[in-house]
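Asks: A single structure is presented below for examination.
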Amino acid sequence: MNSNQEGKRFCGCVEKGCFILSYAGYEGLTRKGVKMNRNDSGSKIKSILEKSDAIVIGAGAGLSTSAGFVYSGERFENYFWDFKRLYGFSDMYTGGFYPYKTAEEKWAYWSRFVFINRYMNPPKKVYENLLALVKSRNYFVITTNVDHCFQKAGFEKERLFYMQGDYGLFQCSEPCHNKTYNNRESIVNLLEGQGMKIKQGELQTPLESRLIKINENVQFSEIVSRLTCPVCGKPLSMNLRADDTFVQDDGWYEAAKRYENFLSAMPTYNAPVFWELGVGYNTPGIIKYPFWRMTAENSQSTYICINAGETDCPKEIEERSVCINDDIGEIIGRIV
């Protein structure tokens with residue numbers, strides 16, 4: 001088990017294992033529905049949603065990828081070409097784990113990363129189209145994504161559970177207390193300290209390397225030196241579940257409780273739906289396995305999975321499952 005032991009196996013009822021599931025016990029996997037064409041699959045899903053009194057959406061990285069938030073290729077080259085030249089990595093994910101020698105180098109990287117993946121909007125309207133499908137319905141969202149795309153698209157905050165953190169939050173790196181801090185102002189200061197510009201909410205592509213003399217930039221070093229915990233003075237860090245230092249603040253526990261309550265009421269609803277979007281096998285115990293289990297335990301429920309490349313489901317629930325191996329945005333766009 002990884003990702004900080006699958007999110008410390010949730011909290012409350014979730015920590016007790018009520019909604020956590022291992023794959024053990026299933027006879028095998030099937031790929032029911034992957035041969036459906038886009039028109040047929042869209043019509044099928046629309047019909048299922050219309051009959052449902054409650055929808056739980058479980059979203060993974062594939063959803064944001066479909067919306068255009070990709071960590072390699074053109075987006076990486078546009079904003080991190082100087083990092084690639086100096087450090088040799090070729091995608092944002094690798095850059096996030098790179099052992100930078102100085103805090104200045106680290107925050108030069110992370111300020112760009114956070115701004116384009118948290119404070120800029122994704123290029124495609126996938127989240128907005130998803131909202132159009134569920135906004136008038138009884139729904140709840142659990143996501144391992146940390147890019148805030150649901151709220152930016154207009155989803156109600158009270159119907160969201162960001163399990164793994166938020167790019168828009170700092171925390172104490174120790175941590176000495178369980179509180180998080182909004183970071184937009186600090187991120188903007190770090191970008192401006194590099195000489196970068198923001199126009200109409202968009203970070204401008206750096207035309208020349210900002211890293212060559214970053215460690216000699218006194219102004220930038222002063223900005224970095226202010227990124228300290230207001231309680232103990234230790235450096236601040238990103239509020240991301242990478243290890244046991246991850247802070248689950250009051251807002252996290254409140255959202256977890258709302259999710260737990262929503263799940264507890266699912267057996268009382270007509271034709272409930274567990275709708276998985278872009279979830280892989282990095283942390284399947286958070287969304288995928290619980291969705292399988294809850295579908296298996298409720299004979300009136302339906303499991304829907306849309307993902308490009310990974311659309312398995314257990315044979316035990318295949319007759320009540322729709323698994324579509326396709327681009328999420330394309331399918332949702334045909335349903336709206």
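By convention in this document, the chains of the structure tokens carry letters A, B, ... by their order, each chain's residues are numbered from 1, and ligands are numbered from 1 in the order they are shown.
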Considering only C-alpha atoms, return as a compact mmCIF listing (two decimals) with N, CA, C and O atoms, in the first residue's frame whatever protein or nucleic-acid residues lie within 8 Å of Val247 of chain A, sequence-local ones (same chain, fewer than 5 positions apart) excluded.
Replies:
```
# COMPACT_ATOMS: atom_id res chain seq x y z
N GLN A 171 1.55 23.88 4.28
CA GLN A 171 1.47 23.37 5.64
C GLN A 171 2.87 23.42 6.25
O GLN A 171 3.85 23.62 5.55
N PRO A 175 5.03 18.18 10.63
CA PRO A 175 4.32 19.42 10.92
C PRO A 175 4.11 19.58 12.42
O PRO A 175 3.92 18.59 13.13
N ASN A 178 -1.90 20.99 12.88
CA ASN A 178 -2.75 20.55 11.78
C ASN A 178 -3.56 21.71 11.20
O ASN A 178 -4.78 21.77 11.35
N LYS A 179 -2.87 22.60 10.54
CA LYS A 179 -3.52 23.72 9.89
C LYS A 179 -2.85 23.94 8.54
O LYS A 179 -1.65 23.70 8.38
N THR A 180 -3.65 24.39 7.55
CA THR A 180 -3.11 24.68 6.23
C THR A 180 -3.30 26.15 5.90
O THR A 180 -4.11 26.84 6.52
N ASN A 239 0.84 20.98 0.76
CA ASN A 239 -0.12 20.10 1.43
C ASN A 239 -0.54 18.99 0.48
O ASN A 239 -1.64 18.97 -0.07
```
Asks: For Gly168 of chain A, please output as a short mmCIF file (atom, residue, chain, number, x, y, z; two decimals) with all heavy atoms, in the first residue's frame all residues within 10 Å (counting only C-alpha atoms; exclusion window: fewer than 2 positions along the same chain).
Replies:
```
data_model
loop_
_atom_site.label_atom_id
_atom_site.label_comp_id
_atom_site.auth_asym_id
_atom_site.auth_seq_id
_atom_site.Cartn_x
_atom_site.Cartn_y
_atom_site.Cartn_z
N VAL A 114 2.65 24.99 -9.43
CA VAL A 114 1.40 25.25 -8.74
C VAL A 114 0.52 26.22 -9.52
O VAL A 114 -0.70 26.01 -9.66
CB VAL A 114 1.67 25.80 -7.32
CG1 VAL A 114 0.38 26.32 -6.69
CG2 VAL A 114 2.29 24.72 -6.45
N PHE A 115 1.11 27.26 -10.05
CA PHE A 115 0.29 28.26 -10.72
C PHE A 115 -0.41 27.68 -11.95
O PHE A 115 -1.61 27.90 -12.15
CB PHE A 115 1.11 29.49 -11.12
CG PHE A 115 0.23 30.65 -11.51
CD1 PHE A 115 -0.24 31.53 -10.55
CD2 PHE A 115 -0.16 30.85 -12.83
CE1 PHE A 115 -1.08 32.59 -10.90
CE2 PHE A 115 -1.00 31.89 -13.19
CZ PHE A 115 -1.47 32.76 -12.21
N ASN A 117 -1.05 24.57 -12.69
CA ASN A 117 -1.90 23.40 -12.44
C ASN A 117 -2.97 23.64 -11.38
O ASN A 117 -3.81 22.76 -11.17
CB ASN A 117 -1.03 22.21 -12.02
CG ASN A 117 -0.18 21.70 -13.15
OD1 ASN A 117 -0.67 21.37 -14.23
ND2 ASN A 117 1.13 21.65 -12.93
N ARG A 118 -2.95 24.80 -10.73
CA ARG A 118 -3.95 25.09 -9.70
C ARG A 118 -4.69 26.41 -9.98
O ARG A 118 -5.91 26.48 -9.84
CB ARG A 118 -3.26 25.14 -8.33
CG ARG A 118 -4.11 25.67 -7.19
CD ARG A 118 -5.35 24.82 -6.94
NE ARG A 118 -5.99 25.18 -5.70
CZ ARG A 118 -6.79 26.25 -5.53
NH1 ARG A 118 -7.00 27.06 -6.55
NH2 ARG A 118 -7.35 26.49 -4.36
N TYR A 119 -3.96 27.44 -10.39
CA TYR A 119 -4.58 28.75 -10.53
C TYR A 119 -4.95 29.09 -11.97
O TYR A 119 -5.66 30.07 -12.20
CB TYR A 119 -3.68 29.81 -9.91
CG TYR A 119 -3.55 29.62 -8.41
CD1 TYR A 119 -2.33 29.29 -7.83
CD2 TYR A 119 -4.65 29.75 -7.60
CE1 TYR A 119 -2.22 29.10 -6.46
CE2 TYR A 119 -4.55 29.55 -6.22
CZ TYR A 119 -3.33 29.23 -5.66
OH TYR A 119 -3.25 29.02 -4.30
N VAL A 146 -5.58 17.00 -7.00
CA VAL A 146 -5.27 18.10 -6.08
C VAL A 146 -5.20 19.44 -6.80
O VAL A 146 -4.61 20.40 -6.30
CB VAL A 146 -3.93 17.81 -5.34
CG1 VAL A 146 -4.07 16.64 -4.39
CG2 VAL A 146 -2.79 17.55 -6.32
N ASP A 147 -5.83 19.51 -7.97
CA ASP A 147 -5.72 20.70 -8.81
C ASP A 147 -6.92 21.65 -8.70
O ASP A 147 -6.97 22.66 -9.40
CB ASP A 147 -5.53 20.30 -10.28
CG ASP A 147 -6.56 19.27 -10.76
OD1 ASP A 147 -7.68 19.23 -10.19
OD2 ASP A 147 -6.24 18.50 -11.68
N HIS A 148 -7.90 21.31 -7.85
CA HIS A 148 -9.02 22.22 -7.56
C HIS A 148 -9.95 22.43 -8.75
O HIS A 148 -10.77 23.36 -8.77
CB HIS A 148 -8.48 23.59 -7.11
CG HIS A 148 -9.33 24.28 -6.08
ND1 HIS A 148 -9.55 23.79 -4.82
CD2 HIS A 148 -10.03 25.45 -6.12
CE1 HIS A 148 -10.31 24.61 -4.13
NE2 HIS A 148 -10.63 25.63 -4.90
N GLY A 165 -5.07 16.23 -0.76
CA GLY A 165 -4.50 17.54 -0.55
C GLY A 165 -4.93 18.54 -1.60
O GLY A 165 -5.91 18.35 -2.32
N ASP A 166 -4.16 19.63 -1.71
CA ASP A 166 -4.52 20.73 -2.61
C ASP A 166 -3.26 21.50 -2.96
O ASP A 166 -2.52 21.94 -2.08
CB ASP A 166 -5.53 21.64 -1.89
CG ASP A 166 -6.11 22.73 -2.78
OD1 ASP A 166 -5.46 23.10 -3.78
OD2 ASP A 166 -7.20 23.23 -2.47
N PHE A 170 -0.37 25.46 1.66
CA PHE A 170 0.87 25.15 2.34
C PHE A 170 0.56 24.53 3.70
O PHE A 170 -0.55 24.69 4.23
CB PHE A 170 1.70 26.42 2.58
CG PHE A 170 2.39 26.97 1.36
CD1 PHE A 170 2.70 28.33 1.29
CD2 PHE A 170 2.75 26.16 0.30
CE1 PHE A 170 3.36 28.86 0.19
CE2 PHE A 170 3.40 26.68 -0.81
CZ PHE A 170 3.70 28.04 -0.86
N THR A 180 -3.65 24.39 7.55
CA THR A 180 -3.11 24.68 6.23
C THR A 180 -3.30 26.15 5.90
O THR A 180 -4.11 26.84 6.52
CB THR A 180 -3.80 23.81 5.16
OG1 THR A 180 -5.22 24.04 5.20
CG2 THR A 180 -3.51 22.33 5.39
N TYR A 181 -2.55 26.62 4.88
CA TYR A 181 -2.54 28.04 4.55
C TYR A 181 -2.66 28.23 3.05
O TYR A 181 -1.94 27.59 2.27
CB TYR A 181 -1.23 28.68 5.05
CG TYR A 181 -1.01 28.51 6.53
CD1 TYR A 181 -0.34 27.40 7.03
CD2 TYR A 181 -1.50 29.45 7.43
CE1 TYR A 181 -0.15 27.23 8.40
CE2 TYR A 181 -1.32 29.29 8.81
CZ TYR A 181 -0.64 28.17 9.28
OH TYR A 181 -0.46 28.01 10.63
N ASN A 182 -3.57 29.12 2.64
CA ASN A 182 -3.70 29.43 1.22
C ASN A 182 -2.39 30.02 0.70
O ASN A 182 -1.76 30.84 1.36
CB ASN A 182 -4.84 30.43 0.99
CG ASN A 182 -6.21 29.83 1.29
OD1 ASN A 182 -6.42 28.64 1.06
ND2 ASN A 182 -7.12 30.64 1.80
N ASN A 183 -1.98 29.62 -0.51
CA ASN A 183 -0.65 29.99 -0.98
C ASN A 183 -0.60 30.87 -2.22
O ASN A 183 0.47 31.16 -2.74
CB ASN A 183 0.20 28.74 -1.22
CG ASN A 183 -0.32 27.86 -2.36
OD1 ASN A 183 -1.09 28.30 -3.21
ND2 ASN A 183 0.10 26.60 -2.37
N ARG A 184 -1.75 31.32 -2.73
CA ARG A 184 -1.74 32.06 -3.98
C ARG A 184 -0.82 33.28 -3.93
O ARG A 184 -0.01 33.50 -4.85
CB ARG A 184 -3.16 32.51 -4.37
CG ARG A 184 -3.17 33.22 -5.73
CD ARG A 184 -4.53 33.76 -6.10
NE ARG A 184 -4.45 34.50 -7.35
CZ ARG A 184 -4.66 34.01 -8.56
NH1 ARG A 184 -5.01 32.75 -8.69
NH2 ARG A 184 -4.55 34.76 -9.64
N ILE A 187 2.78 32.21 -4.04
CA ILE A 187 3.15 31.67 -5.35
C ILE A 187 3.36 32.80 -6.36
O ILE A 187 4.33 32.81 -7.13
CB ILE A 187 2.06 30.69 -5.85
CG1 ILE A 187 2.01 29.44 -4.96
CG2 ILE A 187 2.31 30.32 -7.31
CD1 ILE A 187 3.28 28.63 -4.94
N MET A 238 4.30 21.81 0.63
CA MET A 238 3.03 21.64 -0.05
C MET A 238 2.13 20.69 0.74
O MET A 238 2.61 19.72 1.32
CB MET A 238 3.24 21.07 -1.45
CG MET A 238 4.04 21.97 -2.38
SD MET A 238 3.26 23.57 -2.67
CE MET A 238 1.67 23.05 -3.33
N ASN A 239 0.84 20.98 0.76
CA ASN A 239 -0.12 20.10 1.43
C ASN A 239 -0.54 18.99 0.48
O ASN A 239 -1.64 18.97 -0.07
CB ASN A 239 -1.34 20.91 1.89
CG ASN A 239 -2.38 20.07 2.62
OD1 ASN A 239 -3.56 20.11 2.28
ND2 ASN A 239 -1.96 19.31 3.60
N LEU A 240 0.37 18.05 0.28
CA LEU A 240 0.17 16.91 -0.61
C LEU A 240 0.51 15.63 0.12
O LEU A 240 1.51 15.57 0.84
CB LEU A 240 1.05 17.04 -1.86
CG LEU A 240 0.88 18.32 -2.68
CD1 LEU A 240 1.92 18.37 -3.79
CD2 LEU A 240 -0.53 18.40 -3.26
#
```
Asks: Segment 234-301 of chain A near segment 328-332 of chain A within 12 Å: what's each residue's closest atom pair and its distance in Å to one decimal, counting only C-alpha atoms, ordered by chain then ascending residue number, as JSON lines?
Replies:
```
{"residue": "A:Trp275", "atom": "CA", "partner": "A:Ile328", "partner_atom": "CA", "distance": 11.8}
{"residue": "A:Glu276", "atom": "CA", "partner": "A:Ile328", "partner_atom": "CA", "distance": 10.3}
{"residue": "A:Leu277", "atom": "CA", "partner": "A:Ile328", "partner_atom": "CA", "distance": 7.1}
{"residue": "A:Gly278", "atom": "CA", "partner": "A:Ile328", "partner_atom": "CA", "distance": 7.4}
{"residue": "A:Val279", "atom": "CA", "partner": "A:Ile328", "partner_atom": "CA", "distance": 11.1}
```
Asks: Find, counting only C-alpha atoms, the residue in A:Arg85, A:Ser111, A:Gln200, A:Ser66 that gets nearest to Ala308 of chain A.
Replies: A:Ser66
Asks: Here is a test: counting only C-alpha atoms, which residue of A:Tyr71, A:Phe97, A:Thr205, A:Tyr139 is nearest to Ala265 of chain A?
Replies: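 Between A:Tyr71, A:Phe97, A:Thr205, A:Tyr139, the residue approaching Ala265 of chain A most closely is A:Tyr139.
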Asks: Write out as a short mmCIF file (atom, residue, chain, number, x, y, z; two decimals) with all heavy atoms, in the first residue's frame the set of residues from segment 21-242 of chain A that DSSP, computed on the backbone, places in strand (DSSP E or B).
Replies:
```cif
data_model
loop_
_atom_site.label_atom_id
_atom_site.label_comp_id
_atom_site.auth_asym_id
_atom_site.auth_seq_id
_atom_site.Cartn_x
_atom_site.Cartn_y
_atom_site.Cartn_z
N LEU A 29 -11.18 -10.35 -13.48
CA LEU A 29 -11.59 -9.07 -14.03
C LEU A 29 -12.19 -9.26 -15.42
O LEU A 29 -11.84 -10.19 -16.14
CB LEU A 29 -10.39 -8.12 -14.12
CG LEU A 29 -9.76 -7.70 -12.80
CD1 LEU A 29 -8.55 -6.82 -13.09
CD2 LEU A 29 -10.76 -6.98 -11.92
N THR A 30 -13.08 -8.36 -15.76
CA THR A 30 -13.65 -8.36 -17.09
C THR A 30 -13.55 -6.95 -17.64
O THR A 30 -13.28 -6.01 -16.90
CB THR A 30 -15.13 -8.81 -17.07
OG1 THR A 30 -15.62 -8.83 -18.42
CG2 THR A 30 -15.99 -7.86 -16.24
N ILE A 55 -25.69 9.81 -7.00
CA ILE A 55 -24.51 9.53 -7.82
C ILE A 55 -23.26 9.87 -7.02
O ILE A 55 -23.11 10.99 -6.52
CB ILE A 55 -24.53 10.37 -9.11
CG1 ILE A 55 -25.80 10.11 -9.92
CG2 ILE A 55 -23.29 10.09 -9.96
CD1 ILE A 55 -26.05 11.15 -11.00
N VAL A 56 -22.36 8.91 -6.89
CA VAL A 56 -21.05 9.16 -6.30
C VAL A 56 -20.02 9.16 -7.43
O VAL A 56 -19.89 8.18 -8.15
CB VAL A 56 -20.65 8.10 -5.25
CG1 VAL A 56 -19.29 8.45 -4.65
CG2 VAL A 56 -21.69 8.02 -4.16
N ILE A 57 -19.33 10.28 -7.60
CA ILE A 57 -18.29 10.39 -8.62
C ILE A 57 -16.93 10.20 -7.95
O ILE A 57 -16.61 10.87 -6.97
CB ILE A 57 -18.34 11.77 -9.30
CG1 ILE A 57 -19.67 11.95 -10.04
CG2 ILE A 57 -17.16 11.94 -10.27
CD1 ILE A 57 -19.88 13.36 -10.58
N GLY A 58 -16.14 9.30 -8.49
CA GLY A 58 -14.78 9.10 -8.03
C GLY A 58 -13.82 9.48 -9.13
O GLY A 58 -13.82 8.86 -10.21
N ALA A 59 -13.04 10.53 -8.92
CA ALA A 59 -12.22 11.08 -10.00
C ALA A 59 -10.73 10.93 -9.72
O ALA A 59 -10.26 11.23 -8.63
CB ALA A 59 -12.56 12.55 -10.22
N TYR A 139 -25.61 14.35 -5.76
CA TYR A 139 -24.29 13.79 -6.07
C TYR A 139 -23.27 14.12 -4.99
O TYR A 139 -23.45 15.02 -4.18
CB TYR A 139 -23.78 14.32 -7.42
CG TYR A 139 -23.30 15.77 -7.37
CD1 TYR A 139 -21.98 16.07 -7.05
CD2 TYR A 139 -24.17 16.83 -7.62
CE1 TYR A 139 -21.53 17.39 -6.99
CE2 TYR A 139 -23.74 18.14 -7.57
CZ TYR A 139 -22.42 18.42 -7.25
OH TYR A 139 -21.98 19.72 -7.18
N PHE A 140 -22.18 13.39 -5.00
CA PHE A 140 -21.02 13.69 -4.18
C PHE A 140 -19.77 13.26 -4.94
O PHE A 140 -19.82 12.30 -5.72
CB PHE A 140 -21.08 12.98 -2.82
CG PHE A 140 -20.21 13.61 -1.77
CD1 PHE A 140 -20.76 14.50 -0.85
CD2 PHE A 140 -18.84 13.37 -1.70
CE1 PHE A 140 -19.98 15.12 0.12
CE2 PHE A 140 -18.05 13.99 -0.75
CZ PHE A 140 -18.62 14.86 0.16
N VAL A 141 -18.68 13.99 -4.72
CA VAL A 141 -17.43 13.72 -5.43
C VAL A 141 -16.32 13.41 -4.43
O VAL A 141 -16.10 14.16 -3.49
CB VAL A 141 -16.99 14.92 -6.29
CG1 VAL A 141 -15.62 14.65 -6.93
CG2 VAL A 141 -18.03 15.25 -7.35
N ILE A 142 -15.64 12.30 -4.66
CA ILE A 142 -14.37 12.04 -3.98
C ILE A 142 -13.29 12.01 -5.06
O ILE A 142 -13.47 11.42 -6.13
CB ILE A 142 -14.36 10.72 -3.18
CG1 ILE A 142 -12.96 10.50 -2.56
CG2 ILE A 142 -14.78 9.53 -4.04
CD1 ILE A 142 -12.89 9.31 -1.61
N THR A 143 -12.19 12.71 -4.81
CA THR A 143 -11.13 12.76 -5.82
C THR A 143 -9.75 12.69 -5.19
O THR A 143 -9.53 13.19 -4.10
CB THR A 143 -11.26 14.05 -6.67
OG1 THR A 143 -10.22 14.06 -7.67
CG2 THR A 143 -11.16 15.30 -5.81
N LEU A 160 -17.73 17.95 -2.16
CA LEU A 160 -16.41 17.54 -2.62
C LEU A 160 -15.54 17.05 -1.46
O LEU A 160 -15.54 17.63 -0.39
CB LEU A 160 -15.70 18.71 -3.30
CG LEU A 160 -16.38 19.35 -4.51
CD1 LEU A 160 -15.61 20.60 -4.94
CD2 LEU A 160 -16.47 18.37 -5.67
N PHE A 161 -14.76 16.00 -1.72
CA PHE A 161 -13.77 15.52 -0.77
C PHE A 161 -12.45 15.34 -1.51
O PHE A 161 -12.27 14.42 -2.28
CB PHE A 161 -14.21 14.20 -0.15
CG PHE A 161 -13.25 13.61 0.87
CD1 PHE A 161 -12.31 14.40 1.52
CD2 PHE A 161 -13.30 12.26 1.17
CE1 PHE A 161 -11.43 13.86 2.44
CE2 PHE A 161 -12.43 11.70 2.10
CZ PHE A 161 -11.49 12.50 2.73
N TYR A 162 -11.53 16.30 -1.27
CA TYR A 162 -10.18 16.23 -1.85
C TYR A 162 -9.31 15.38 -0.93
O TYR A 162 -8.72 15.87 0.03
CB TYR A 162 -9.58 17.63 -2.00
CG TYR A 162 -10.21 18.48 -3.06
CD1 TYR A 162 -11.21 19.40 -2.75
CD2 TYR A 162 -9.80 18.39 -4.39
CE1 TYR A 162 -11.79 20.19 -3.74
CE2 TYR A 162 -10.38 19.18 -5.38
CZ TYR A 162 -11.37 20.08 -5.04
OH TYR A 162 -11.93 20.85 -6.00
N GLY A 165 -5.07 16.23 -0.76
CA GLY A 165 -4.50 17.54 -0.55
C GLY A 165 -4.93 18.54 -1.60
O GLY A 165 -5.91 18.35 -2.32
N ASP A 166 -4.16 19.63 -1.71
CA ASP A 166 -4.52 20.73 -2.61
C ASP A 166 -3.26 21.50 -2.96
O ASP A 166 -2.52 21.94 -2.08
CB ASP A 166 -5.53 21.64 -1.89
CG ASP A 166 -6.11 22.73 -2.78
OD1 ASP A 166 -5.46 23.10 -3.78
OD2 ASP A 166 -7.20 23.23 -2.47
N TYR A 167 -3.01 21.66 -4.26
CA TYR A 167 -1.86 22.46 -4.69
C TYR A 167 -1.94 23.89 -4.15
O TYR A 167 -0.92 24.58 -4.08
CB TYR A 167 -1.80 22.54 -6.21
CG TYR A 167 -1.32 21.29 -6.91
CD1 TYR A 167 -1.85 20.92 -8.15
CD2 TYR A 167 -0.32 20.49 -6.36
CE1 TYR A 167 -1.40 19.79 -8.82
CE2 TYR A 167 0.13 19.36 -7.02
CZ TYR A 167 -0.42 19.01 -8.25
OH TYR A 167 0.03 17.90 -8.90
N GLY A 168 -3.12 24.35 -3.78
CA GLY A 168 -3.29 25.72 -3.32
C GLY A 168 -3.06 25.93 -1.84
O GLY A 168 -3.33 27.02 -1.32
N LEU A 169 -2.52 24.92 -1.16
CA LEU A 169 -2.32 25.02 0.28
C LEU A 169 -0.88 24.70 0.68
O LEU A 169 -0.26 23.78 0.14
CB LEU A 169 -3.26 24.05 1.03
CG LEU A 169 -4.76 24.28 0.87
CD1 LEU A 169 -5.53 23.17 1.58
CD2 LEU A 169 -5.17 25.65 1.41
N PHE A 170 -0.37 25.46 1.66
CA PHE A 170 0.87 25.15 2.34
C PHE A 170 0.56 24.53 3.70
O PHE A 170 -0.55 24.69 4.23
CB PHE A 170 1.70 26.42 2.58
CG PHE A 170 2.39 26.97 1.36
CD1 PHE A 170 2.70 28.33 1.29
CD2 PHE A 170 2.75 26.16 0.30
CE1 PHE A 170 3.36 28.86 0.19
CE2 PHE A 170 3.40 26.68 -0.81
CZ PHE A 170 3.70 28.04 -0.86
N GLN A 171 1.55 23.88 4.28
CA GLN A 171 1.47 23.37 5.64
C GLN A 171 2.87 23.42 6.25
O GLN A 171 3.85 23.62 5.55
CB GLN A 171 0.97 21.92 5.63
CG GLN A 171 1.95 20.96 4.94
CD GLN A 171 1.65 19.52 5.19
OE1 GLN A 171 0.64 18.99 4.72
NE2 GLN A 171 2.51 18.85 5.97
N CYS A 172 2.93 23.26 7.55
CA CYS A 172 4.23 23.13 8.20
C CYS A 172 4.88 21.84 7.76
O CYS A 172 4.24 20.78 7.74
CB CYS A 172 4.07 23.14 9.72
SG CYS A 172 5.63 22.87 10.62
N THR A 180 -3.65 24.39 7.55
CA THR A 180 -3.11 24.68 6.23
C THR A 180 -3.30 26.15 5.90
O THR A 180 -4.11 26.84 6.52
CB THR A 180 -3.80 23.81 5.16
OG1 THR A 180 -5.22 24.04 5.20
CG2 THR A 180 -3.51 22.33 5.39
N TYR A 181 -2.55 26.62 4.88
CA TYR A 181 -2.54 28.04 4.55
C TYR A 181 -2.66 28.23 3.05
O TYR A 181 -1.94 27.59 2.27
CB TYR A 181 -1.23 28.68 5.05
CG TYR A 181 -1.01 28.51 6.53
CD1 TYR A 181 -0.34 27.40 7.03
CD2 TYR A 181 -1.50 29.45 7.43
CE1 TYR A 181 -0.15 27.23 8.40
CE2 TYR A 181 -1.32 29.29 8.81
CZ TYR A 181 -0.64 28.17 9.28
OH TYR A 181 -0.46 28.01 10.63
N ASN A 182 -3.57 29.12 2.64
CA ASN A 182 -3.70 29.43 1.22
C ASN A 182 -2.39 30.02 0.70
O ASN A 182 -1.76 30.84 1.36
CB ASN A 182 -4.84 30.43 0.99
CG ASN A 182 -6.21 29.83 1.29
OD1 ASN A 182 -6.42 28.64 1.06
ND2 ASN A 182 -7.12 30.64 1.80
N ILE A 198 2.30 37.51 -15.25
CA ILE A 198 0.97 36.91 -15.31
C ILE A 198 0.04 37.90 -16.00
O ILE A 198 -0.07 39.05 -15.58
CB ILE A 198 0.44 36.59 -13.91
CG1 ILE A 198 1.38 35.60 -13.19
CG2 ILE A 198 -0.98 36.02 -13.98
CD1 ILE A 198 1.08 35.43 -11.72
N LYS A 199 -0.58 37.46 -17.10
CA LYS A 199 -1.49 38.34 -17.84
C LYS A 199 -2.83 37.65 -18.01
O LYS A 199 -2.90 36.53 -18.52
CB LYS A 199 -0.90 38.68 -19.22
CG LYS A 199 0.36 39.53 -19.16
CD LYS A 199 0.85 39.90 -20.55
CE LYS A 199 2.10 40.77 -20.49
NZ LYS A 199 2.59 41.13 -21.85
N GLU A 202 -3.08 34.13 -16.83
CA GLU A 202 -2.23 33.14 -17.47
C GLU A 202 -0.76 33.46 -17.24
O GLU A 202 -0.33 34.60 -17.41
CB GLU A 202 -2.50 33.11 -18.98
CG GLU A 202 -3.92 32.76 -19.37
CD GLU A 202 -4.18 31.27 -19.28
OE1 GLU A 202 -3.30 30.48 -19.69
OE2 GLU A 202 -5.27 30.89 -18.80
N LEU A 203 0.01 32.45 -16.83
CA LEU A 203 1.45 32.63 -16.66
C LEU A 203 2.09 32.68 -18.04
O LEU A 203 1.85 31.81 -18.89
CB LEU A 203 2.04 31.48 -15.86
CG LEU A 203 3.54 31.55 -15.57
CD1 LEU A 203 3.86 32.76 -14.69
CD2 LEU A 203 4.02 30.27 -14.89
N THR A 228 7.92 30.21 5.89
CA THR A 228 8.15 29.48 7.14
C THR A 228 6.86 29.34 7.93
O THR A 228 5.94 30.15 7.81
CB THR A 228 9.20 30.18 8.01
OG1 THR A 228 8.77 31.53 8.27
CG2 THR A 228 10.56 30.21 7.31
N PRO A 235 10.42 25.36 7.70
CA PRO A 235 9.98 25.66 6.34
C PRO A 235 8.56 25.15 6.08
O PRO A 235 8.15 24.12 6.60
CB PRO A 235 11.00 24.93 5.47
CG PRO A 235 12.21 24.79 6.32
CD PRO A 235 11.70 24.60 7.72
N LEU A 236 7.83 25.89 5.24
CA LEU A 236 6.54 25.42 4.79
C LEU A 236 6.74 24.40 3.68
O LEU A 236 7.78 24.37 3.01
CB LEU A 236 5.70 26.59 4.27
CG LEU A 236 5.18 27.59 5.31
CD1 LEU A 236 4.55 28.79 4.61
CD2 LEU A 236 4.18 26.94 6.26
N SER A 237 5.75 23.56 3.47
CA SER A 237 5.78 22.59 2.38
C SER A 237 4.40 22.52 1.74
O SER A 237 3.43 23.09 2.25
CB SER A 237 6.21 21.21 2.89
OG SER A 237 5.27 20.71 3.83
N MET A 238 4.30 21.81 0.63
CA MET A 238 3.03 21.64 -0.05
C MET A 238 2.13 20.69 0.74
O MET A 238 2.61 19.72 1.32
CB MET A 238 3.24 21.07 -1.45
CG MET A 238 4.04 21.97 -2.38
SD MET A 238 3.26 23.57 -2.67
CE MET A 238 1.67 23.05 -3.33
N ASN A 239 0.84 20.98 0.76
CA ASN A 239 -0.12 20.10 1.43
C ASN A 239 -0.54 18.99 0.48
O ASN A 239 -1.64 18.97 -0.07
CB ASN A 239 -1.34 20.91 1.89
CG ASN A 239 -2.38 20.07 2.62
OD1 ASN A 239 -3.56 20.11 2.28
ND2 ASN A 239 -1.96 19.31 3.60
N LEU A 240 0.37 18.05 0.28
CA LEU A 240 0.17 16.91 -0.61
C LEU A 240 0.51 15.63 0.12
O LEU A 240 1.51 15.57 0.84
CB LEU A 240 1.05 17.04 -1.86
CG LEU A 240 0.88 18.32 -2.68
CD1 LEU A 240 1.92 18.37 -3.79
CD2 LEU A 240 -0.53 18.40 -3.26
#
```
